[in-house]
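Structure file work24.tsv (TSV, C-alpha atoms and all ligand atoms) is printed below.
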chain	number	residue	atom	x	y	z
U	1125	MET	CA	-54.75	-19.84	-33.94
U	1126	THR	CA	-55.15	-22.09	-30.88
U	1127	GLN	CA	-53.68	-25.47	-31.76
U	1128	LEU	CA	-56.09	-28.01	-30.33
U	1129	LEU	CA	-53.99	-31.09	-31.11
U	1130	GLN	CA	-50.48	-29.91	-30.28
U	1131	GLY	CA	-48.33	-32.93	-29.36
U	1132	ARG	CA	-51.05	-35.43	-30.28
U	1133	VAL	CA	-50.70	-38.37	-32.64
U	1134	ALA	CA	-53.61	-39.61	-34.74
U	1135	VAL	CA	-54.28	-42.46	-37.12
U	1136	ILE	CA	-56.91	-41.59	-39.73
U	1137	THR	CA	-58.19	-44.54	-41.73
U	1138	GLY	CA	-59.38	-43.64	-45.22
U	1139	GLY	CA	-57.30	-40.49	-44.78
U	1140	ALA	CA	-56.24	-40.23	-48.43
U	1141	ALA	CA	-59.54	-38.83	-49.72
U	1142	GLY	CA	-62.90	-37.33	-48.74
U	1143	PHE	CA	-63.61	-36.65	-45.06
U	1144	GLY	CA	-60.40	-38.38	-43.98
U	1145	LEU	CA	-58.13	-36.17	-46.09
U	1146	VAL	CA	-59.83	-32.93	-45.03
U	1147	SER	CA	-59.57	-34.13	-41.41
U	1148	ALA	CA	-55.87	-34.97	-41.83
U	1149	GLU	CA	-55.27	-31.43	-43.10
U	1150	LYS	CA	-57.21	-29.97	-40.18
U	1151	PHE	CA	-55.47	-32.15	-37.58
U	1152	VAL	CA	-52.05	-31.15	-38.95
U	1153	ALA	CA	-53.04	-27.47	-38.93
U	1154	HIS	CA	-53.86	-27.98	-35.24
U	1155	GLY	CA	-50.43	-29.40	-34.44
U	1156	ALA	CA	-51.05	-33.14	-34.70
U	1157	LYS	CA	-48.88	-35.81	-36.26
U	1158	VAL	CA	-51.01	-38.01	-38.47
U	1159	VAL	CA	-50.68	-41.50	-39.89
U	1160	ILE	CA	-52.87	-41.77	-42.97
U	1161	ALA	CA	-53.97	-45.42	-43.18
U	1162	ASP	CA	-55.56	-45.97	-46.58
U	1163	ILE	CA	-55.72	-48.70	-49.19
U	1164	ASP	CA	-55.03	-46.25	-52.03
U	1165	ALA	CA	-51.22	-46.01	-52.25
U	1166	GLU	CA	-51.11	-43.28	-54.89
U	1167	ALA	CA	-53.53	-40.94	-53.10
U	1168	GLY	CA	-51.87	-41.69	-49.76
U	1169	ARG	CA	-48.38	-40.84	-51.03
U	1170	THR	CA	-49.66	-37.66	-52.65
U	1171	ALA	CA	-51.23	-36.61	-49.35
U	1172	GLN	CA	-48.02	-37.36	-47.46
U	1173	GLU	CA	-45.94	-35.30	-49.91
U	1174	ARG	CA	-48.35	-32.39	-49.76
U	1175	LEU	CA	-48.74	-32.33	-45.97
U	1176	GLY	CA	-45.04	-32.86	-45.17
U	1177	ASP	CA	-43.25	-34.29	-42.15
U	1178	ALA	CA	-46.30	-34.25	-39.90
U	1179	VAL	CA	-47.87	-36.99	-42.01
U	1180	ARG	CA	-46.84	-40.55	-42.67
U	1181	PHE	CA	-48.73	-42.75	-45.11
U	1182	VAL	CA	-49.09	-46.45	-44.35
U	1183	GLN	CA	-50.87	-48.52	-46.97
U	1184	THR	CA	-53.62	-50.24	-45.01
U	1185	ASP	CA	-56.57	-52.44	-45.75
U	1186	VAL	CA	-58.84	-51.84	-42.77
U	1187	ARG	CA	-60.36	-55.30	-43.20
U	1188	LYS	CA	-57.05	-56.78	-42.01
U	1189	GLU	CA	-56.15	-56.66	-38.34
U	1190	SER	CA	-52.44	-56.94	-39.17
U	1191	ASP	CA	-52.63	-53.87	-41.44
U	1192	LEU	CA	-54.39	-51.82	-38.78
U	1193	ARG	CA	-51.77	-52.87	-36.24
U	1194	GLU	CA	-49.05	-51.75	-38.63
U	1195	ALA	CA	-50.63	-48.32	-38.96
U	1196	VAL	CA	-50.85	-48.00	-35.18
U	1197	ASN	CA	-47.26	-49.23	-34.81
U	1198	ALA	CA	-46.16	-46.53	-37.26
U	1199	ALA	CA	-47.79	-43.91	-35.04
U	1200	VAL	CA	-45.95	-45.28	-32.01
U	1201	THR	CA	-42.58	-45.79	-33.74
U	1202	HIS	CA	-42.40	-42.59	-35.76
U	1203	PHE	CA	-44.42	-40.16	-33.70
U	1204	GLY	CA	-44.15	-41.59	-30.16
U	1205	GLY	CA	-47.61	-42.98	-29.39
U	1206	LEU	CA	-51.29	-43.03	-30.26
U	1207	ASP	CA	-53.79	-40.48	-28.93
U	1208	VAL	CA	-56.50	-40.53	-31.59
U	1209	MET	CA	-57.92	-43.25	-33.81
U	1210	TYR	CA	-60.29	-41.72	-36.34
U	1211	HIS	CA	-61.73	-44.72	-38.13
U	1212	ASN	CA	-63.36	-43.22	-41.19
U	1213	ALA	CA	-62.65	-45.60	-44.11
U	1214	GLY	CA	-65.77	-46.92	-45.77
U	1215	THR	CA	-67.36	-47.94	-49.04
U	1216	VAL	CA	-71.02	-48.20	-50.00
U	1217	GLY	CA	-70.80	-51.91	-50.83
U	1218	THR	CA	-73.48	-54.04	-52.38
U	1219	PRO	CA	-76.75	-52.40	-53.50
U	1220	ALA	CA	-78.56	-55.76	-53.19
U	1221	GLY	CA	-81.92	-55.79	-51.43
U	1222	ILE	CA	-83.08	-58.56	-49.08
U	1223	GLU	CA	-84.38	-60.98	-51.73
U	1224	GLU	CA	-81.31	-60.96	-53.95
U	1225	MET	CA	-78.65	-60.64	-51.23
U	1226	ALA	CA	-75.89	-63.24	-51.52
U	1227	VAL	CA	-74.14	-64.19	-48.30
U	1228	GLU	CA	-70.78	-63.29	-49.89
U	1229	GLN	CA	-72.01	-59.76	-50.68
U	1230	TRP	CA	-73.42	-59.38	-47.18
U	1231	ASN	CA	-70.23	-60.63	-45.52
U	1232	ALA	CA	-68.06	-58.36	-47.68
U	1233	ALA	CA	-70.04	-55.31	-46.55
U	1234	MET	CA	-69.87	-56.40	-42.90
U	1235	ASP	CA	-66.10	-56.97	-43.16
U	1236	MET	CA	-65.57	-53.53	-44.61
U	1237	LEU	CA	-67.92	-51.51	-42.44
U	1238	LEU	CA	-68.45	-53.35	-39.17
U	1239	THR	CA	-65.58	-55.79	-38.53
U	1240	ALA	CA	-63.04	-53.13	-39.57
U	1241	SER	CA	-64.60	-50.72	-37.05
U	1242	MET	CA	-64.31	-53.32	-34.29
U	1243	LEU	CA	-60.67	-53.97	-35.25
U	1244	ALA	CA	-59.88	-50.24	-35.28
U	1245	VAL	CA	-61.10	-50.02	-31.68
U	1246	LYS	CA	-59.34	-53.24	-30.68
U	1247	VAL	CA	-55.87	-52.30	-31.97
U	1248	SER	CA	-56.06	-48.84	-30.37
U	1249	VAL	CA	-56.64	-49.94	-26.79
U	1250	GLU	CA	-53.11	-51.03	-25.76
U	1251	PRO	CA	-51.25	-48.03	-27.17
U	1252	MET	CA	-53.86	-45.66	-25.72
U	1253	LYS	CA	-53.60	-47.30	-22.30
U	1254	ALA	CA	-49.86	-46.72	-22.53
U	1255	ARG	CA	-50.57	-43.00	-23.11
U	1256	GLY	CA	-53.02	-42.83	-20.19
U	1257	GLY	CA	-56.05	-42.45	-22.47
U	1258	GLY	CA	-57.16	-41.44	-25.92
U	1259	SER	CA	-60.00	-40.69	-28.29
U	1260	ILE	CA	-61.51	-43.16	-30.73
U	1261	ILE	CA	-63.87	-41.78	-33.35
U	1262	LEU	CA	-66.04	-44.13	-35.38
U	1263	THR	CA	-68.04	-43.38	-38.52
U	1264	SER	CA	-71.66	-44.36	-38.96
U	1265	SER	CA	-74.10	-42.79	-41.44
U	1266	GLY	CA	-77.52	-41.19	-41.49
U	1267	ALA	CA	-78.47	-44.39	-43.32
U	1268	GLY	CA	-77.68	-46.32	-40.15
U	1269	VAL	CA	-79.79	-44.14	-37.87
U	1270	ARG	CA	-83.03	-43.44	-39.62
U	1271	LEU	CA	-85.44	-46.28	-40.30
U	1272	GLY	CA	-86.00	-46.50	-44.04
U	1273	GLY	CA	-82.80	-44.52	-44.39
U	1274	SER	CA	-81.00	-43.42	-47.49
U	1275	GLY	CA	-78.56	-46.27	-48.03
U	1276	PRO	CA	-78.58	-49.87	-49.23
U	1277	LEU	CA	-79.53	-52.70	-46.86
U	1278	ALA	CA	-76.10	-54.09	-45.92
U	1279	TYR	CA	-74.56	-50.61	-45.60
U	1280	SER	CA	-77.41	-49.32	-43.41
U	1281	THR	CA	-77.35	-52.42	-41.21
U	1282	ALA	CA	-73.58	-52.31	-40.69
U	1283	LYS	CA	-73.58	-48.57	-40.00
U	1284	SER	CA	-76.35	-49.07	-37.46
U	1285	ALA	CA	-74.31	-51.72	-35.66
U	1286	VAL	CA	-71.37	-49.28	-35.55
U	1287	LEU	CA	-73.47	-47.09	-33.23
U	1288	MET	CA	-73.73	-49.91	-30.67
U	1289	LEU	CA	-70.06	-50.81	-31.12
U	1290	GLY	CA	-69.17	-47.22	-30.25
U	1291	GLN	CA	-71.40	-47.02	-27.19
U	1292	HIS	CA	-70.47	-50.46	-25.87
U	1293	SER	CA	-66.77	-49.67	-26.29
U	1294	ALA	CA	-67.23	-46.28	-24.60
U	1295	LEU	CA	-68.81	-48.02	-21.62
U	1296	LYS	CA	-66.01	-50.55	-21.27
U	1297	LEU	CA	-63.03	-48.32	-22.08
U	1298	GLY	CA	-63.98	-45.29	-19.97
U	1299	LYS	CA	-62.00	-46.62	-17.00
U	1300	HIS	CA	-58.86	-46.35	-19.13
U	1301	ARG	CA	-59.77	-42.74	-20.06
U	1302	ILE	CA	-60.34	-43.88	-23.61
U	1303	ARG	CA	-63.31	-42.03	-25.10
U	1304	VAL	CA	-65.28	-43.52	-27.98
U	1305	ASN	CA	-67.67	-41.40	-30.03
U	1306	THR	CA	-69.38	-41.87	-33.37
U	1307	ILE	CA	-69.90	-39.31	-36.11
U	1308	VAL	CA	-73.02	-39.71	-38.22
U	1309	PRO	CA	-72.47	-37.94	-41.55
U	1310	GLY	CA	-75.48	-36.97	-43.61
U	1311	ALA	CA	-75.21	-36.58	-47.39
U	1312	PHE	CA	-71.97	-35.19	-48.77
U	1313	ARG	CA	-70.65	-34.93	-52.29
U	1314	THR	CA	-67.50	-37.09	-52.12
U	1315	ALA	CA	-65.94	-39.84	-54.22
U	1316	LEU	CA	-67.94	-42.33	-52.12
U	1317	TRP	CA	-70.97	-41.56	-54.29
U	1318	ASP	CA	-69.07	-41.05	-57.55
U	1319	LYS	CA	-68.00	-44.67	-57.27
U	1320	HIS	CA	-71.52	-45.92	-56.77
U	1321	ALA	CA	-74.51	-46.00	-59.07
U	1322	LEU	CA	-76.93	-45.24	-56.23
U	1323	GLY	CA	-75.60	-41.75	-55.73
U	1324	SER	CA	-74.86	-40.79	-59.29
U	1325	GLY	CA	-78.44	-39.69	-60.03
U	1326	MET	CA	-78.45	-37.50	-56.95
U	1327	LEU	CA	-75.14	-35.94	-57.93
U	1328	ALA	CA	-76.21	-35.34	-61.50
U	1329	GLU	CA	-79.42	-33.68	-60.38
U	1330	ASN	CA	-77.58	-31.64	-57.76
U	1331	LYS	CA	-80.08	-32.70	-55.10
U	1332	PHE	CA	-77.76	-33.09	-52.12
U	1333	ALA	CA	-78.53	-29.65	-50.68
U	1334	LEU	CA	-82.26	-30.42	-50.82
U	1335	MET	CA	-82.17	-33.64	-48.84
U	1336	GLN	CA	-82.25	-32.22	-45.34
U	1337	PRO	CA	-83.94	-29.44	-43.33
U	1338	LEU	CA	-80.92	-27.10	-43.64
U	1339	PRO	CA	-80.79	-26.29	-47.37
U	1340	ILE	CA	-77.01	-26.23	-47.40
U	1341	GLU	CA	-74.72	-28.50	-49.39
U	1342	GLY	CA	-72.70	-30.72	-47.05
U	1343	ASN	CA	-69.01	-29.79	-47.00
U	1344	PRO	CA	-66.41	-32.31	-45.73
U	1345	ARG	CA	-65.01	-29.59	-43.47
U	1346	TYR	CA	-68.15	-29.94	-41.31
U	1347	ILE	CA	-67.09	-33.54	-40.63
U	1348	ALA	CA	-63.47	-32.52	-40.04
U	1349	ASP	CA	-64.63	-29.91	-37.49
U	1350	ALA	CA	-66.62	-32.57	-35.62
U	1351	ALA	CA	-63.64	-34.94	-35.70
U	1352	LEU	CA	-61.36	-32.17	-34.39
U	1353	PHE	CA	-63.76	-31.54	-31.51
U	1354	LEU	CA	-63.95	-35.24	-30.62
U	1355	ALA	CA	-60.18	-35.72	-30.99
U	1356	SER	CA	-59.25	-32.76	-28.79
U	1357	ASP	CA	-59.63	-31.88	-25.12
U	1358	MET	CA	-62.62	-29.72	-26.11
U	1359	SER	CA	-64.56	-32.99	-25.69
U	1360	GLU	CA	-62.65	-34.24	-22.63
U	1361	PHE	CA	-65.90	-35.20	-20.82
U	1362	VAL	CA	-67.70	-36.56	-23.90
U	1363	THR	CA	-67.92	-40.28	-24.55
U	1364	GLY	CA	-70.48	-42.65	-26.03
U	1365	VAL	CA	-71.95	-39.86	-28.10
U	1366	ILE	CA	-73.65	-40.35	-31.45
U	1367	LEU	CA	-73.08	-37.06	-33.25
U	1368	PRO	CA	-75.05	-36.38	-36.44
U	1369	VAL	CA	-73.34	-33.89	-38.74
U	1370	ASP	CA	-76.07	-33.81	-41.31
U	1371	GLY	CA	-77.98	-30.53	-41.57
U	1372	GLY	CA	-80.86	-32.29	-39.80
U	1373	LEU	CA	-81.10	-35.25	-42.21
U	1374	THR	CA	-81.70	-37.73	-39.39
U	1375	LEU	CA	-84.67	-35.60	-38.26
U	1376	HIS	CA	-86.27	-35.50	-41.65
U	1377	ARG	CA	-85.39	-36.49	-45.19
U	1378	ASN	CA	-87.24	-34.66	-47.93
U	1379	SER	CA	-89.19	-37.22	-49.92
U	1380	HIS	CA	-88.34	-35.79	-53.35
U	1381	ALA	CA	-84.67	-36.56	-52.74
U	1382	SER	CA	-84.11	-40.28	-52.33
U	1383	ILE	CA	-81.25	-42.71	-52.84
U	1384	GLU	CA	-82.99	-45.82	-51.58
U	1385	GLY	CA	-81.37	-49.18	-52.09
T	1401	LIG	N1	-70.05	-39.05	-48.28
T	1401	LIG	C1	-71.18	-39.26	-47.63
T	1401	LIG	O1	-72.25	-38.73	-48.03
T	1401	LIG	C2	-71.22	-40.14	-46.41
T	1401	LIG	C3	-72.43	-40.22	-45.68
T	1401	LIG	C4	-72.48	-41.02	-44.55
T	1401	LIG	C5	-71.36	-41.72	-44.14
T	1401	LIG	N2	-70.21	-41.62	-44.84
T	1401	LIG	C6	-69.06	-42.39	-44.34
T	1401	LIG	O2	-67.93	-41.55	-44.18
T	1401	LIG	C7	-66.73	-42.29	-44.40
T	1401	LIG	C8	-65.86	-41.57	-45.41
T	1401	LIG	O3	-66.58	-41.38	-46.59
T	1401	LIG	P1	-66.10	-40.41	-47.78
T	1401	LIG	O4	-67.35	-39.85	-48.35
T	1401	LIG	O5	-65.02	-39.50	-47.30
T	1401	LIG	O6	-65.54	-41.51	-48.80
T	1401	LIG	P2	-64.39	-41.43	-49.93
T	1401	LIG	O7	-64.72	-42.50	-50.90
T	1401	LIG	O8	-64.24	-40.03	-50.43
T	1401	LIG	O9	-63.06	-41.81	-49.12
T	1401	LIG	C9	-62.93	-43.07	-48.51
T	1401	LIG	C10	-61.47	-43.40	-48.34
T	1401	LIG	O10	-61.42	-44.73	-47.77
T	1401	LIG	C11	-60.42	-45.47	-48.45
T	1401	LIG	N3	-60.70	-46.91	-48.37
T	1401	LIG	C12	-61.63	-47.62	-49.07
T	1401	LIG	N4	-61.54	-48.93	-48.76
T	1401	LIG	C13	-60.53	-49.04	-47.85
T	1401	LIG	C14	-59.95	-50.14	-47.16
T	1401	LIG	N5	-60.39	-51.41	-47.34
T	1401	LIG	N6	-58.94	-49.89	-46.30
T	1401	LIG	C15	-58.48	-48.63	-46.12
T	1401	LIG	N7	-58.98	-47.56	-46.76
T	1401	LIG	C16	-60.00	-47.76	-47.61
T	1401	LIG	C17	-60.47	-44.95	-49.90
T	1401	LIG	O11	-59.27	-45.26	-50.59
T	1401	LIG	C18	-60.68	-43.45	-49.66
T	1401	LIG	O12	-59.45	-42.78	-49.53
T	1401	LIG	C19	-67.18	-43.68	-44.84
T	1401	LIG	O13	-67.15	-44.56	-43.72
T	1401	LIG	C20	-68.61	-43.48	-45.31
T	1401	LIG	O14	-69.40	-44.65	-45.20
T	1401	LIG	C21	-70.11	-40.84	-45.96

Let me see whether you can do it: turn the structure in this file into structure tokens.
Ligand SMILES: NC(=O)c1ccc[n+]([C@@H]2O[C@H](COP(=O)([O-])OP(=O)(O)OC[C@H]3O[C@@H](n4cnc5c(N)ncnc54)[C@H](O)[C@@H]3O)[C@@H](O)[C@H]2O)c1
Amino acid sequence: MTQLLQGRVAVITGGAAGFGLVSAEKFVAHGAKVVIADIDAEAGRTAQERLGDAVRFVQTDVRKESDLREAVNAAVTHFGGLDVMYHNAGTVGTPAGIEEMAVEQWNAAMDMLLTASMLAVKVSVEPMKARGGGSIILTSSGAGVRLGGSGPLAYSTAKSAVLMLGQHSALKLGKHRIRVNTIVPGAFRTALWDKHALGSGMLAENKFALMQPLPIEGNPRYIADAALFLASDMSEFVTGVILPVDGGLTLHRNSHASIEG
């Protein structure tokens, strides 16, 4: 197998579960060293044990700049540098609509989804400059792209702002050969939805495969494949891209399958 990330070092936030874990496995299979930066210590340690010496777990709360810096420092200290920042950690956050939204709930969602994304870009710039470039991958959502999308208000708004963060950063960081691209996942059956009442009905009714034009159930490996492409030299000339990986969900969402918030 061609190893697309041989000699590369990546930080994957939220790498202890869901898309992040499948991506960590894929990156390692392609020769990368990976720092898993996740708030869940138990899942992170389990992942590190299972994936071996190529992985180091650093307990990280992505809402804290100092934690993100520690994760990046671990990449530099233990593996020699930083080539890839795959910022994937996310939670659904408050289901509140506009009339009942408390400022605290709103700010908590923004901290988790938007400010953390900005910080992930910020802390990656210096170490990537030192390497002569790098690849930053951000995570939006179909809910942040499509008007009247399939997520709650604060989540959709933050994920929409992540798209601009990615493109603005790509514009400014190109001169340093730092590429910034954003993955837009559609609907996938992960713990993200298990943890949240909004998705539980969808999961119970097994509707995920019916949401989008392609009648295929989303598999986290589709996201990992996109992340591998954006992390590797396969996408050497690609920056500022918003890449839906969604079976066409952002083109059309079937009306009988809704998780509105
Ligand atoms: N699953 C979907 O259908 C879907 C759709 C669109 C977008 N997304 C986005 O994809 C990303 C990954 O989602 P997933 O489905 O793999 O979720 P998941 O719940 O399976 O995994 C998320 C991981 O992030 C970690 N995490 C949570 N809060 C954290 C924090 N403060 N600091 C560090 N780590 C933290 C969790 O411990 C977990 O390991 C998220 O940004 C999510 O918004 C998911």

Quiz item: Nearest to ligand LIG 1401 (chain T) among U:Val1158, U:Val1269, U:Val1200, U:Val1245, with distances taken over all atoms listed in the file: which residue is it?
Solution: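 Nearest to ligand LIG 1401 (chain T): U:Val1269.
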
Exercise. Can you pull out every residue within 8 Å of region 1251-1256 of chain U, counting only C-alpha atoms, but drop anything in the same chain fewer than 3 positions away, and send it as number ranges by chain?
Key: U: 1200, 1205-1207, 1247-1248, 1300-1302

Quiz item: Which is closest to ligand LIG 1401 (chain T) among U:Ala1315, U:Ala1278, U:Leu1289, U:Met1209, if we use all atoms listed in the file?
Solution: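 Ranked by minimum distance to ligand LIG 1401 (chain T), first place goes to U:Ala1315.
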
Practice problem: Quick one: pull the distance between CA of Ala1285 (chain U) and CA of Met1335 (chain U), Å, one decimal. | Solution: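 We find that CA of Ala1285 (chain U) and CA of Met1335 (chain U) lie 23.7 Å from each other.
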
Check which residues of chain U sit at most 8 Å from ligand LIG 1401 (chain T) using only C-alpha atoms and all ligand atoms, and return one row each with the closest pair of atoms and their distance in Å to one decimal, ordered by chain and rising number, as CSV.
residue,atom,partner,partner_atom,distance
U:Thr1137,CA,T:LIG1401,N7,5.9
U:Gly1138,CA,T:LIG1401,O10,3.4
U:Gly1139,CA,T:LIG1401,O12,5.7
U:Ala1140,CA,T:LIG1401,O12,4.2
U:Ala1141,CA,T:LIG1401,O12,4.0
U:Gly1142,CA,T:LIG1401,O5,3.4
U:Phe1143,CA,T:LIG1401,O5,3.9
U:Gly1144,CA,T:LIG1401,O5,5.8
U:Leu1145,CA,T:LIG1401,O12,7.6
U:Ala1161,CA,T:LIG1401,C15,6.3
U:Asp1162,CA,T:LIG1401,N7,3.8
U:Ile1163,CA,T:LIG1401,C15,4.1
U:Asp1164,CA,T:LIG1401,O11,4.6
U:Ala1167,CA,T:LIG1401,O12,7.2
U:Gly1168,CA,T:LIG1401,O12,7.7
U:Gln1183,CA,T:LIG1401,C15,7.7
U:Thr1184,CA,T:LIG1401,C15,5.2
U:Asp1185,CA,T:LIG1401,N6,3.5
U:Val1186,CA,T:LIG1401,N6,4.0
U:Arg1187,CA,T:LIG1401,N5,5.7
U:His1211,CA,T:LIG1401,O13,7.8
U:Asn1212,CA,T:LIG1401,C7,4.7
U:Ala1213,CA,T:LIG1401,O10,4.0
U:Gly1214,CA,T:LIG1401,O13,3.4
U:Thr1215,CA,T:LIG1401,O14,5.5
U:Val1216,CA,T:LIG1401,O14,6.2
U:Met1236,CA,T:LIG1401,N5,6.2
U:Leu1237,CA,T:LIG1401,O13,7.1
U:Thr1263,CA,T:LIG1401,O13,5.4
U:Ser1264,CA,T:LIG1401,C5,5.8
U:Ser1265,CA,T:LIG1401,C4,3.9
U:Gly1266,CA,T:LIG1401,C4,5.9
U:Ala1267,CA,T:LIG1401,C4,7.0
U:Tyr1279,CA,T:LIG1401,O14,7.9
U:Lys1283,CA,T:LIG1401,O14,7.7
U:Val1308,CA,T:LIG1401,C5,6.5
U:Pro1309,CA,T:LIG1401,C4,4.3
U:Gly1310,CA,T:LIG1401,C3,4.9
U:Ala1311,CA,T:LIG1401,O1,3.7
U:Phe1312,CA,T:LIG1401,O1,3.6
U:Arg1313,CA,T:LIG1401,N1,5.8
U:Thr1314,CA,T:LIG1401,O4,4.7
U:Ala1315,CA,T:LIG1401,O8,4.2
U:Leu1316,CA,T:LIG1401,O7,3.4
U:Trp1317,CA,T:LIG1401,N1,6.6
U:Lys1319,CA,T:LIG1401,O7,7.5
U:Pro1344,CA,T:LIG1401,O5,7.5

Requested write-out: C-alpha atoms of the selected residues, as an mmCIF file, in the coordinates of the input:
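Once everything was written out, this is result21.cif:
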data_model
loop_
_atom_site.group_PDB
_atom_site.id
_atom_site.type_symbol
_atom_site.label_atom_id
_atom_site.label_comp_id
_atom_site.auth_asym_id
_atom_site.auth_seq_id
_atom_site.Cartn_x
_atom_site.Cartn_y
_atom_site.Cartn_z
ATOM 1 C CA THR U 1137 -58.190 -44.540 -41.730
ATOM 2 C CA GLY U 1138 -59.380 -43.640 -45.220
ATOM 3 C CA GLY U 1139 -57.300 -40.490 -44.780
ATOM 4 C CA ALA U 1140 -56.240 -40.230 -48.430
ATOM 5 C CA ALA U 1141 -59.540 -38.830 -49.720
ATOM 6 C CA GLY U 1142 -62.900 -37.330 -48.740
ATOM 7 C CA PHE U 1143 -63.610 -36.650 -45.060
ATOM 8 C CA GLY U 1144 -60.400 -38.380 -43.980
ATOM 9 C CA LEU U 1145 -58.130 -36.170 -46.090
ATOM 10 C CA ALA U 1161 -53.970 -45.420 -43.180
ATOM 11 C CA ASP U 1162 -55.560 -45.970 -46.580
ATOM 12 C CA ILE U 1163 -55.720 -48.700 -49.190
ATOM 13 C CA ASP U 1164 -55.030 -46.250 -52.030
ATOM 14 C CA ALA U 1167 -53.530 -40.940 -53.100
ATOM 15 C CA GLY U 1168 -51.870 -41.690 -49.760
ATOM 16 C CA GLN U 1183 -50.870 -48.520 -46.970
ATOM 17 C CA THR U 1184 -53.620 -50.240 -45.010
ATOM 18 C CA ASP U 1185 -56.570 -52.440 -45.750
ATOM 19 C CA VAL U 1186 -58.840 -51.840 -42.770
ATOM 20 C CA ARG U 1187 -60.360 -55.300 -43.200
ATOM 21 C CA HIS U 1211 -61.730 -44.720 -38.130
ATOM 22 C CA ASN U 1212 -63.360 -43.220 -41.190
ATOM 23 C CA ALA U 1213 -62.650 -45.600 -44.110
ATOM 24 C CA GLY U 1214 -65.770 -46.920 -45.770
ATOM 25 C CA THR U 1215 -67.360 -47.940 -49.040
ATOM 26 C CA VAL U 1216 -71.020 -48.200 -50.000
ATOM 27 C CA MET U 1236 -65.570 -53.530 -44.610
ATOM 28 C CA LEU U 1237 -67.920 -51.510 -42.440
ATOM 29 C CA THR U 1263 -68.040 -43.380 -38.520
ATOM 30 C CA SER U 1264 -71.660 -44.360 -38.960
ATOM 31 C CA SER U 1265 -74.100 -42.790 -41.440
ATOM 32 C CA GLY U 1266 -77.520 -41.190 -41.490
ATOM 33 C CA ALA U 1267 -78.470 -44.390 -43.320
ATOM 34 C CA TYR U 1279 -74.560 -50.610 -45.600
ATOM 35 C CA LYS U 1283 -73.580 -48.570 -40.000
ATOM 36 C CA VAL U 1308 -73.020 -39.710 -38.220
ATOM 37 C CA PRO U 1309 -72.470 -37.940 -41.550
ATOM 38 C CA GLY U 1310 -75.480 -36.970 -43.610
ATOM 39 C CA ALA U 1311 -75.210 -36.580 -47.390
ATOM 40 C CA PHE U 1312 -71.970 -35.190 -48.770
ATOM 41 C CA ARG U 1313 -70.650 -34.930 -52.290
ATOM 42 C CA THR U 1314 -67.500 -37.090 -52.120
ATOM 43 C CA ALA U 1315 -65.940 -39.840 -54.220
ATOM 44 C CA LEU U 1316 -67.940 -42.330 -52.120
ATOM 45 C CA TRP U 1317 -70.970 -41.560 -54.290
ATOM 46 C CA LYS U 1319 -68.000 -44.670 -57.270
ATOM 47 C CA PRO U 1344 -66.410 -32.310 -45.730
#

Quiz prompt | Contact residues around region 1347-1351 of chain U with all atoms listed in the file at 8 Å, ignoring same-chain residues under 2 positions, as an MDAnalysis selection string | solution = chainID U and resid 1143:1144 1146:1147 1150 1210 1261 1307 1309 1343:1345 1353:1355 1369

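Among the candidates U:Leu1375, U:Val1133, U:Val1182, U:Met1225, the residue lying nearest to Phe1203 (chain U) is U:Val1133 (atoms considered: only C-alpha atoms).
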
Practice problem: Have a look at CA of Gly1371 (chain U) and CA of Gln1336 (chain U) and let me know their distance in Å, one decimal. | Solution: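 That distance, rounded to one decimal, is 5.9 Å.
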
Practice problem: Give the answer as one residue: which of U:Ala1198, U:Gly1257, U:Glu1224, U:Val1249 has the shortest atom-to-atom distance to Leu1277 (chain U), using all atoms listed in the file? | Solution: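 Closest residue, counting all atoms listed in the file: U:Glu1224.
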
Exercise. Using only C-alpha atoms, pick whichever of U:Phe1332, U:Pro1276, U:Leu1295, U:Phe1181 has the shortest atom-to-atom distance to Glu1166 (chain U).
Key: U:Phe1181

Quiz item: What is the CA of Gly1155 (chain U)-CA of Leu1128 (chain U) distance in Å, reported with one decimal?
Solution: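 Interatomic distance, CA of Gly1155 (chain U) to CA of Leu1128 (chain U): 7.1 Å.
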
Quiz prompt | Selection: 8 Å around Val1365 (chain U), all atoms listed in the file, excl. self and same-chain fewer than 2 positions, as a list in words | solution =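 Contacts, in chain order: Gln1291, Val1304, Asn1305, Thr1306, Val1362, Thr1363 and Leu1367 of chain U.
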
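Take the candidates U:Gly1204, U:Gly1364, U:Gly1275, U:Gly1176 and check each one against Ser1293 (chain U) using all atoms listed in the file; the shortest distance goes to U:Gly1364.
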